[in-house]
Structures are given as structure tokens and as C-alpha cells.
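Coordinates from run-v4.txt are shown below (compact mmCIF, C-alpha atoms).
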```
# COMPACT_ATOMS: atom_id res chain seq x y z
CA MET C 87 4.98 77.31 -45.53
CA SER C 88 8.53 76.58 -46.59
CA HIS C 89 9.56 73.26 -47.98
CA VAL C 90 12.63 71.51 -46.53
CA ASP C 91 14.53 69.40 -49.01
CA PHE C 92 16.48 66.83 -47.01
CA LEU C 93 18.81 66.20 -49.92
CA ASN C 94 19.75 69.87 -50.20
CA PRO C 95 21.57 71.10 -47.03
CA SER C 96 21.19 74.74 -48.06
CA SER C 97 17.42 74.50 -47.50
CA PHE C 98 17.90 74.11 -43.74
CA ARG C 99 17.61 77.30 -41.76
CA LEU C 100 19.55 77.91 -38.58
CA PRO C 101 18.00 79.96 -35.81
CA PRO C 102 19.21 83.55 -35.52
CA SER C 103 22.23 84.02 -33.31
CA SER C 104 20.10 85.81 -30.72
CA PHE C 105 18.43 82.49 -29.93
CA MET C 106 21.72 80.69 -29.45
CA SER C 107 23.42 81.00 -26.09
CA LYS C 108 26.90 82.43 -26.04
CA HIS C 109 29.69 80.04 -25.10
CA ILE C 110 31.33 80.95 -21.79
CA PRO C 111 34.79 79.39 -21.31
CA GLN C 112 35.10 77.38 -18.09
CA ARG C 113 38.28 76.81 -16.06
CA THR C 114 39.13 74.85 -12.91
CA CYS C 115 40.60 76.60 -9.88
CA ILE C 116 43.72 74.73 -8.73
CA GLY C 117 43.06 75.82 -5.15
CA CYS C 118 39.63 74.27 -4.61
CA ARG C 119 39.11 72.31 -7.86
CA SER C 120 35.78 74.00 -8.62
CA VAL C 121 34.85 74.97 -12.17
CA GLN C 122 33.77 78.53 -12.94
CA ALA C 123 33.70 81.01 -15.77
CA LYS C 124 37.19 81.97 -16.92
CA ARG C 125 36.55 85.68 -16.25
CA GLU C 126 35.79 85.00 -12.57
CA LEU C 127 39.23 83.45 -12.00
CA MET C 128 42.71 84.92 -12.03
CA ARG C 129 45.43 83.45 -14.23
CA ILE C 130 48.89 82.65 -12.92
CA VAL C 131 51.40 82.21 -15.71
CA LYS C 132 54.89 80.82 -16.22
CA THR C 133 56.51 83.25 -18.63
CA PRO C 134 58.87 82.10 -21.40
CA GLU C 135 61.71 83.47 -19.20
CA GLY C 136 60.69 81.03 -16.41
CA ARG C 137 59.13 83.58 -14.01
CA VAL C 138 55.84 82.85 -12.25
CA ILE C 139 53.57 85.89 -12.19
CA ALA C 140 49.92 86.83 -11.76
CA ASP C 141 48.20 87.71 -15.02
CA PRO C 142 45.03 89.67 -14.26
CA THR C 143 44.38 90.32 -17.97
CA GLY C 144 44.69 86.64 -18.90
CA LYS C 145 46.62 87.53 -22.06
CA LYS C 146 50.31 87.12 -21.23
CA ASN C 147 52.37 84.57 -23.10
CA GLY C 148 53.23 81.36 -21.32
CA ARG C 149 51.66 78.37 -19.64
CA GLY C 150 48.88 79.40 -17.30
CA THR C 151 46.65 78.05 -14.58
CA TYR C 152 43.61 79.54 -12.91
CA ILE C 153 42.69 80.33 -9.31
CA HIS C 154 39.86 82.11 -7.50
CA LYS C 155 40.46 85.67 -6.41
CA THR C 156 40.13 84.67 -2.76
CA ARG C 157 42.70 84.42 -0.01
CA GLU C 158 41.75 80.80 0.83
CA CYS C 159 42.37 79.42 -2.66
CA LEU C 160 45.66 81.26 -3.15
CA GLU C 161 46.92 80.32 0.33
CA ASN C 162 45.92 76.71 -0.34
CA VAL C 163 48.06 76.68 -3.48
CA LEU C 164 50.99 78.55 -1.91
CA GLY C 165 50.87 76.25 1.13
CA ALA C 166 51.54 73.31 -1.17
CA PRO C 167 53.87 74.74 -3.85
CA GLY C 168 53.86 71.38 -5.62
CA LYS C 169 50.34 72.17 -6.87
CA LEU C 170 51.51 75.27 -8.68
CA GLN C 171 54.68 73.56 -9.90
CA HIS C 172 52.66 70.69 -11.33
CA ALA C 173 50.01 72.91 -12.94
CA LEU C 174 52.64 75.09 -14.61
CA LYS C 175 54.89 72.11 -15.45
CA LEU C 176 57.86 73.71 -13.70
CA GLU C 177 61.06 71.69 -13.58
CA THR C 178 62.46 73.65 -10.63
CA LYS C 179 60.99 75.31 -7.55
CA ILE C 180 59.34 78.70 -7.85
CA ALA C 181 61.83 81.53 -7.37
CA PRO C 182 61.58 83.07 -3.87
CA GLU C 183 60.95 86.56 -5.26
CA ASP C 184 58.05 85.27 -7.40
CA LEU C 185 56.66 83.39 -4.41
CA ASN C 186 56.86 86.52 -2.23
CA VAL C 187 54.91 88.52 -4.82
CA LEU C 188 52.19 85.86 -4.87
CA ILE C 189 52.07 85.82 -1.05
CA GLU C 190 51.59 89.59 -0.99
CA LEU C 191 48.87 89.21 -3.61
CA ALA C 192 47.11 86.64 -1.40
CA LYS C 193 47.08 89.15 1.46
CA SER C 194 45.28 91.66 -0.76
CA PHE C 195 42.48 89.22 -1.64
CA PRO C 196 39.29 89.13 0.43
CA ALA C 197 38.73 86.25 2.84
CA LEU C 198 35.56 84.24 2.39
CA ASP C 199 33.10 84.13 5.25
CA ALA C 200 31.65 80.81 6.42
CA THR C 201 28.53 80.97 4.22
CA GLU C 202 30.52 81.65 1.06
CA THR C 203 32.90 78.80 1.87
CA ALA C 204 29.98 76.44 2.44
CA MET C 205 28.23 77.53 -0.75
CA LYS C 206 31.39 77.15 -2.80
CA GLY C 207 31.56 73.44 -2.03
CA THR C 208 27.88 72.63 -2.55
CA HIS C 209 27.87 72.85 -6.32
CA ASN C 210 31.24 71.30 -6.98
CA GLU C 211 31.55 68.19 -4.87
CA SER C 212 33.95 65.66 -6.24
CA ARG C 213 32.65 62.63 -8.09
CA ARG C 214 34.24 60.37 -5.48
CA THR C 215 32.31 62.06 -2.66
CA LEU C 216 29.04 61.74 -4.56
CA ASN C 217 29.71 58.09 -5.35
CA GLN C 218 30.55 57.32 -1.72
CA ALA C 219 27.31 58.94 -0.57
CA ALA C 220 25.32 56.98 -3.15
CA HIS C 221 26.86 53.66 -2.03
CA GLN C 222 26.18 54.41 1.64
CA ASN C 223 22.50 55.04 0.91
CA LYS C 224 22.04 51.61 -0.77
```
Would you mind writing the file out in C-alpha cells?
Amino acid sequence: MSHVDFLNPSSFRLPPSSFMSKHIPQRTCIGCRSVQAKRELMRIVKTPEGRVIADPTGKKNGRGTYIHKTRECLENVLGAPGKLQHALKLETKIAPEDLNVLIELAKSFPALDATETAMKGTHNESRRTLNQAAHQNK
């Protein structure tokens, strides 16, 4: 049996890395405000030149924001361009050619069916909604 000396930090043993869970980066979709793993979302980036482009690799330089790879989330953001402007901290409106590229991208994404849409909201209800429900049940 090993002896642990509390005054000597080197006597403490950490568990092998196989026991430790790997950190998975989380990001919030600006379309539906749900949090998911970074790899499940697509990045939209404002390049240093001021263009707004999709970044499927997630590695381009510039300020980025994340969105689900679904038609509903992208159409939600494009329907209210202020969301994208705010997330990317743009000082001017998105260039029409960049907006057209994003609209075409939205058309290529799959549409969610009713069950997927319902399931998407079940795990990520807003704190306000949960608090309102709790107060109504009192």
C-alpha cells in the first residue's frame, strides 16, 4: 500500500488519461440558441477583408459565429440579418453577394421534420421559460 504524504505534492498520483473524459468544445447556434458540440455546427466568419463567408473547416482567420447545418437555423438568421451583424460585430450591412452565397447555402441544407424540430427544443429551453413554468406551478 502506498503512502501519501500530504506535504509533498509529488506523492499524489493522477488517474491515467484513459479514465479522464476528453473535453468537447461547446458552441451556441445563433439561429436557435441551443448549445452543441463545436463539430456539429458550421462556422460563419467575417474575414479580415470584411467579407462574410461560410467556414466549413472552422479554421479561417477572422471573427466567427456558429450555426446548425439546417435550413431552419440559417433561414432564421438570414431573415433577421441583425443577428448575424451583431454576432460578427459588423459595422455595416452584409454585402449582397455574401448574403446571396449564404442564401444558396441555406437551400442546400436539409429541412428538419416536425419530430426533429420538437426534439431540438426539449433539451435547450431558455432559463426564462423554465422559470415561468416553475412560478406557474407554485
Fill in: Counting all atoms listed in the file, the option among C:Val138, C:Ala197, C:Ile130, C:Tyr152 closest to C:Pro182
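Closest to C:Pro182 of all the choices is C:Val138.
Residue nearest C:Leu185, chosen from C:Gly148, C:Thr156, C:Ile139, C:Leu198 and counting only C-alpha atoms: C:Ile139.
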Worksheet item: From the list C:Ala140, C:Glu183, C:Arg125, C:Asn147, which residue is nearest C:Leu160 when using all atoms listed in the file?
Response: C:Ala140
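Between atom CA of C:Pro196 and atom CA of C:His172 the separation is 25.6 Å.
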Worksheet item: What gap, in Å, lies between atom CA of C:Lys169 and atom CA of C:His109?
Response: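 The value is 28.6 Å.
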Discussion item. Restricting the calculation to all atoms listed in the file: of C:Lys145, C:Gly136, C:Ile116, C:Gln122, which residue gets closest to C:Pro167?
Written reply: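 Checking each of C:Lys145, C:Gly136, C:Ile116, C:Gln122 against C:Pro167, counting all atoms listed in the file, the winner is C:Ile116.
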Worksheet item: Suppose you want the space between atom CA of C:Ile110 and atom CA of C:Glu158; what is it in Å?
Response: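 Atom CA of C:Ile110 sits 24.9 Å away from atom CA of C:Glu158.
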Discussion item. Please determine, counting all atoms listed in the file, which residue among C:Lys108, C:Arg149, C:His154, C:Arg113 has the shortest atom-to-atom distance to C:Met128.
Written reply: C:His154
Worksheet item: Nearest to C:Asn162: which of C:Gln112, C:Leu188, C:Leu127, C:Glu177 is it, counting all atoms listed in the file?
Response: C:Leu188
